[in-house]
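Here the structure comes first, spelled out in structure tokens, and everything after it is commentary.
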Amino acid sequence: MAAAVSAARLWGKSRGLGQAAFLLLQRPGARGLARSHPHRQQQQAFSSLDDKPQFPGASAEFIDKLEFIQPNVISGIPIYRVMDRQGQIINPSEDPHLPQEKVLKFYRSMTLLNTMDRILYESQRQGRISFYMTNYGEEGTHVGSAAALDGTDLVFGQYREAGVLMYRDYPLELFMAQCYGNISDPGKGRQMPVHYGCKERHFVTISSPLATQIPQAVGAAYAAKRANANRTVICYFGEGAASEGDAHAGFNFAATLECPIIFFCRNNGYAISTPTYEQYRGDGIAARGPGYGIMSIRVDGNDVFAVYNATKEARRRAVAENQPFLIEAMTYRIGHHSTSDDSSAYRSVDEVNYWDKQDHPISRLRHYLVSRGWWDEEQEKAWRKQSRKKVIEAFEQAERKLKPNPNLLFSDVYQEMPAQLRKQQESLARHLQTYGEHYPLDHYDK
């Protein structure tokens, strides 16, 4: 209870990142620039007259009254933000004072992603690609966090972080190639659409199983720490993925091994069709951080500057202090979960329209730009036209390209192909030789 009261006092003092840096939750006495390590300290000699707890598993005091700790004993972890819904800076001391060109890159990346989403979503509906997932409403979480990282920081995405790659200047042609699975796809057509990856941009290839990237990211962060690489790892996931056992394993390993990693949770309200009130009973995901000994913060994910400030400070301290950070970005998934989903079955049109019209991250940033005189209606029209033209050109180019050679199904796994895999490859070759006329082999690279 004492810890809860202390945390409540901390939250009541400040709402910003300010001089004391983060508005953070932390396990008392466990983190900071000068951290103590109880497991490394010499245990004091026990005296029968000293009635203080000696248990190695926790730092606490005895009490003589039966009392259970109540969930949500503190009324909600506050949400850090920098600008309001009209794009006005709330607290001037929290303004990141970014140059015009950088803020314009934020906006262009977010709107270009939005345009690409609309075109690829429609292409799936027309049967041109097999699957797609949009990023509507979450663009601010992608771009704000990506901009705060170093270009060499390693990214582990879930499946809705295309904006991170977009901000790192991943070509539209490769986005399209991956979704079409053509010969220009770095993954050689062997992944579902939206499962991007780019070694040159330090973006680990996305895989479908939920939350597997979390412990993998911790392992990469631990390797970076041991190599003194002066880099961090950022791991993205949704609040639904935080219910997976991999999240617990990742959080616990990151804390005990003191890894330079940022856990970035996009809390968008729904785990596919499961709303948050059915997903957990605690105060979101940030509330879990202190239980693992992880510095934590909750931010307005529709405020690109709040996301930027929080990620930048977390990145600085993760590298300097070798410790994990947890950022919970509160946002809303405006689109369906994927093209396999119909969200009208579990939420109302009015609910979606509210977030789309009243609290969209792109609209908020545009208000900011207009108020600064950095953007106007003519620029908006010109950019929308230009960005759509760029996406359509990349789209048409990807559609014209051949599919990868079917033999690539068997490559890039083993240095020497095992007998069983060779047998499968030979079986496919015989099948195509016999029945090739029934397959569109002319669409494939020879």
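For the structure tokens, the naming scheme is as follows: chains receive sequential letters (A, B, ...) according to their order of presentation, residues are indexed from 1 within each chain, and ligands are indexed from 1 in presentation order.
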
Exercise for the section: Looking only at helix (DSSP H, G or I) from DSSP on the backbone, list the matching residues of stretch 243-290 of chain A as a count of residues only. Expected result: 22

Handout entry: Shell around A:Ala320 at 12 Å using only C-alpha atoms, local window under 6 positions removed, as a ChimeraX atom specification
Key = /A:32-34,225,228-232,258-261,313-314

Problem - Residue list (strand (DSSP E), DSSP) for stretch 43-214 of chain A, as number ranges by chain - result: A: 154-156, 203-204

What would the file look like if the residues just selected were written as an mmCIF file, in the first residue's frame with all heavy atoms?
data_model
loop_
_atom_site.group_PDB
_atom_site.id
_atom_site.type_symbol
_atom_site.label_atom_id
_atom_site.label_comp_id
_atom_site.auth_asym_id
_atom_site.auth_seq_id
_atom_site.Cartn_x
_atom_site.Cartn_y
_atom_site.Cartn_z
ATOM 1 N N LEU A 154 17.516 -1.996 -33.705
ATOM 2 C CA LEU A 154 16.848 -3.161 -34.283
ATOM 3 C C LEU A 154 15.357 -3.138 -33.959
ATOM 4 O O LEU A 154 14.967 -2.899 -32.814
ATOM 5 C CB LEU A 154 17.490 -4.432 -33.728
ATOM 6 C CG LEU A 154 17.211 -5.751 -34.438
ATOM 7 C CD1 LEU A 154 17.653 -5.694 -35.898
ATOM 8 C CD2 LEU A 154 17.928 -6.892 -33.717
ATOM 9 N N VAL A 155 14.535 -3.404 -34.972
ATOM 10 C CA VAL A 155 13.074 -3.363 -34.820
ATOM 11 C C VAL A 155 12.495 -4.768 -34.963
ATOM 12 O O VAL A 155 12.765 -5.464 -35.945
ATOM 13 C CB VAL A 155 12.434 -2.443 -35.884
ATOM 14 C CG1 VAL A 155 10.907 -2.460 -35.755
ATOM 15 C CG2 VAL A 155 12.966 -1.026 -35.763
ATOM 16 N N PHE A 156 11.708 -5.165 -33.970
ATOM 17 C CA PHE A 156 10.901 -6.379 -34.068
ATOM 18 C C PHE A 156 9.441 -5.938 -34.109
ATOM 19 O O PHE A 156 8.913 -5.425 -33.118
ATOM 20 C CB PHE A 156 11.131 -7.293 -32.855
ATOM 21 C CG PHE A 156 12.406 -8.090 -32.905
ATOM 22 C CD1 PHE A 156 13.624 -7.496 -32.599
ATOM 23 C CD2 PHE A 156 12.397 -9.434 -33.247
ATOM 24 C CE1 PHE A 156 14.808 -8.215 -32.633
ATOM 25 C CE2 PHE A 156 13.581 -10.167 -33.289
ATOM 26 C CZ PHE A 156 14.785 -9.557 -32.979
ATOM 27 N N PHE A 203 15.170 -4.099 -39.701
ATOM 28 C CA PHE A 203 13.779 -4.449 -39.404
ATOM 29 C C PHE A 203 13.637 -5.952 -39.595
ATOM 30 O O PHE A 203 13.674 -6.454 -40.714
ATOM 31 C CB PHE A 203 12.840 -3.687 -40.355
ATOM 32 C CG PHE A 203 11.383 -3.742 -39.975
ATOM 33 C CD1 PHE A 203 10.781 -2.685 -39.315
ATOM 34 C CD2 PHE A 203 10.611 -4.861 -40.285
ATOM 35 C CE1 PHE A 203 9.433 -2.722 -38.975
ATOM 36 C CE2 PHE A 203 9.263 -4.911 -39.950
ATOM 37 C CZ PHE A 203 8.672 -3.840 -39.288
ATOM 38 N N VAL A 204 13.482 -6.653 -38.474
ATOM 39 C CA VAL A 204 13.419 -8.118 -38.519
ATOM 40 C C VAL A 204 12.115 -8.555 -39.180
ATOM 41 O O VAL A 204 11.049 -8.004 -38.895
ATOM 42 C CB VAL A 204 13.525 -8.709 -37.102
ATOM 43 C CG1 VAL A 204 13.401 -10.233 -37.133
ATOM 44 C CG2 VAL A 204 14.852 -8.295 -36.461
#

Handout entry: Selection near A:Val304, 7 Å with only C-alpha atoms, sequence-local residues under 3 positions removed, as a ChimeraX atom specification
Key = /A:140-141,144,301,307-308,361

Handout entry: Gap from atom CA of A:Gly181 to atom CA of A:Gln124 - Å, one decimal
Key =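 Distance reported for this atom pair: 13.2 Å.
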
Exercise for the section: Name all residues at most 12 Å from A:Asn267 (count only C-alpha atoms; drop same-chain ones fewer than 3 positions away) and give them as a ChimeraX atom specification. Expected result: /A:137-138,141,160,236-242,264,270-272,275-276,279-280,283-286,298-302,327-333

Handout entry: Selected residue of minimal separation from A:Arg388 among A:Arg347, A:Gln88, A:Pro71, A:Ile119, counting only C-alpha atoms
Key = A:Ile119

Practice task
Tell me which of A:Tyr170, A:Phe263, A:Tyr435, A:Tyr196 sits closest to A:Ile214, counting only C-alpha atoms.
Solution key: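 Using only C-alpha atoms, A:Ile214 sits closest to A:Phe263.
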
Handout entry: Of the listed residues A:Ser243, A:Lys312, A:Tyr107, A:Ala254, that which approaches A:Ala147 most closely, counting only C-alpha atoms
Key =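 Result for the nearest residue to A:Ala147: A:Lys312.
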
Exercise for the section: Calculate how many Å separate atom CA of A:Ala255 from atom CA of A:Gly293, rounding to one decimal. Expected result: 6.1 Å

Handout entry: For A:Trp375, the nearest of the candidates A:Thr434, A:Asn353, A:Gln100, A:Asn182, counting only C-alpha atoms
Key =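 Nearest to A:Trp375: A:Gln100.
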
Exercise for the section: Compile the contact shell of A:Asp356 as a ChimeraX atom specification: residues with an atom at most 9 Å away, counting only C-alpha atoms, same-chain residues fewer than 5 positions apart removed. Expected result: /A:136-137,334,351

Print the selection's residues with all heavy atoms to a file, as an mmCIF file, in the first residue's frame.
data_model
loop_
_atom_site.group_PDB
_atom_site.id
_atom_site.type_symbol
_atom_site.label_atom_id
_atom_site.label_comp_id
_atom_site.auth_asym_id
_atom_site.auth_seq_id
_atom_site.Cartn_x
_atom_site.Cartn_y
_atom_site.Cartn_z
ATOM 1 N N TYR A 136 -4.888 2.153 -40.281
ATOM 2 C CA TYR A 136 -5.707 3.336 -40.040
ATOM 3 C C TYR A 136 -5.824 3.652 -38.545
ATOM 4 O O TYR A 136 -6.216 2.808 -37.750
ATOM 5 C CB TYR A 136 -7.125 3.151 -40.577
ATOM 6 C CG TYR A 136 -7.247 2.842 -42.048
ATOM 7 C CD1 TYR A 136 -8.258 2.013 -42.515
ATOM 8 C CD2 TYR A 136 -6.371 3.378 -42.992
ATOM 9 C CE1 TYR A 136 -8.409 1.726 -43.867
ATOM 10 C CE2 TYR A 136 -6.510 3.091 -44.332
ATOM 11 C CZ TYR A 136 -7.516 2.269 -44.773
ATOM 12 O OH TYR A 136 -7.643 1.980 -46.110
ATOM 13 N N GLY A 137 -5.492 4.887 -38.210
ATOM 14 C CA GLY A 137 -5.636 5.350 -36.835
ATOM 15 C C GLY A 137 -4.430 5.148 -35.957
ATOM 16 O O GLY A 137 -4.339 5.728 -34.871
ATOM 17 N N ILE A 334 -8.922 1.951 -36.375
ATOM 18 C CA ILE A 334 -10.085 2.407 -37.137
ATOM 19 C C ILE A 334 -10.521 1.374 -38.171
ATOM 20 O O ILE A 334 -11.715 1.166 -38.400
ATOM 21 C CB ILE A 334 -9.785 3.766 -37.808
ATOM 22 C CG1 ILE A 334 -9.656 4.855 -36.727
ATOM 23 C CG2 ILE A 334 -10.865 4.137 -38.807
ATOM 24 C CD1 ILE A 334 -9.191 6.196 -37.251
ATOM 25 N N GLU A 351 -18.979 4.479 -33.167
ATOM 26 C CA GLU A 351 -17.718 4.384 -32.421
ATOM 27 C C GLU A 351 -16.527 4.614 -33.349
ATOM 28 O O GLU A 351 -15.626 5.400 -33.040
ATOM 29 C CB GLU A 351 -17.604 3.021 -31.752
ATOM 30 C CG GLU A 351 -16.288 2.798 -30.996
ATOM 31 C CD GLU A 351 -16.181 1.405 -30.413
ATOM 32 O OE1 GLU A 351 -17.180 0.930 -29.822
ATOM 33 O OE2 GLU A 351 -15.105 0.779 -30.545
#

Exercise for the section: Could you tell me which of A:Ser363, A:Asn268, A:Asn72, A:Gln191 comes closest to A:Ala287 if we count only C-alpha atoms? Expected result: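 That would be A:Asn72, the residue with the smallest distance to A:Ala287.
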
Practice task
Using only C-alpha atoms, determine which residues lie at most 10 Å from A:Phe395, disregarding the query and same-chain residues fewer than 4 positions distant; provide the list as JSON, numbers by chain.
Solution key: {"A": [116, 119, 120, 123, 172, 173, 174, 175, 176, 177, 179, 180, 389, 390, 391, 399, 400]}

Practice task
Can you work out which one of A:Arg125, A:Arg85, A:His142, A:Lys403 has the shortest atom-to-atom distance to A:Thr311, counting only C-alpha atoms?
Solution key: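 For A:Thr311, the nearest of the given residues is A:His142.
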
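Atom pair atom CA of A:Leu402 / atom CA of A:Ser208 has a distance of 25.0 Å (rounded to one decimal).
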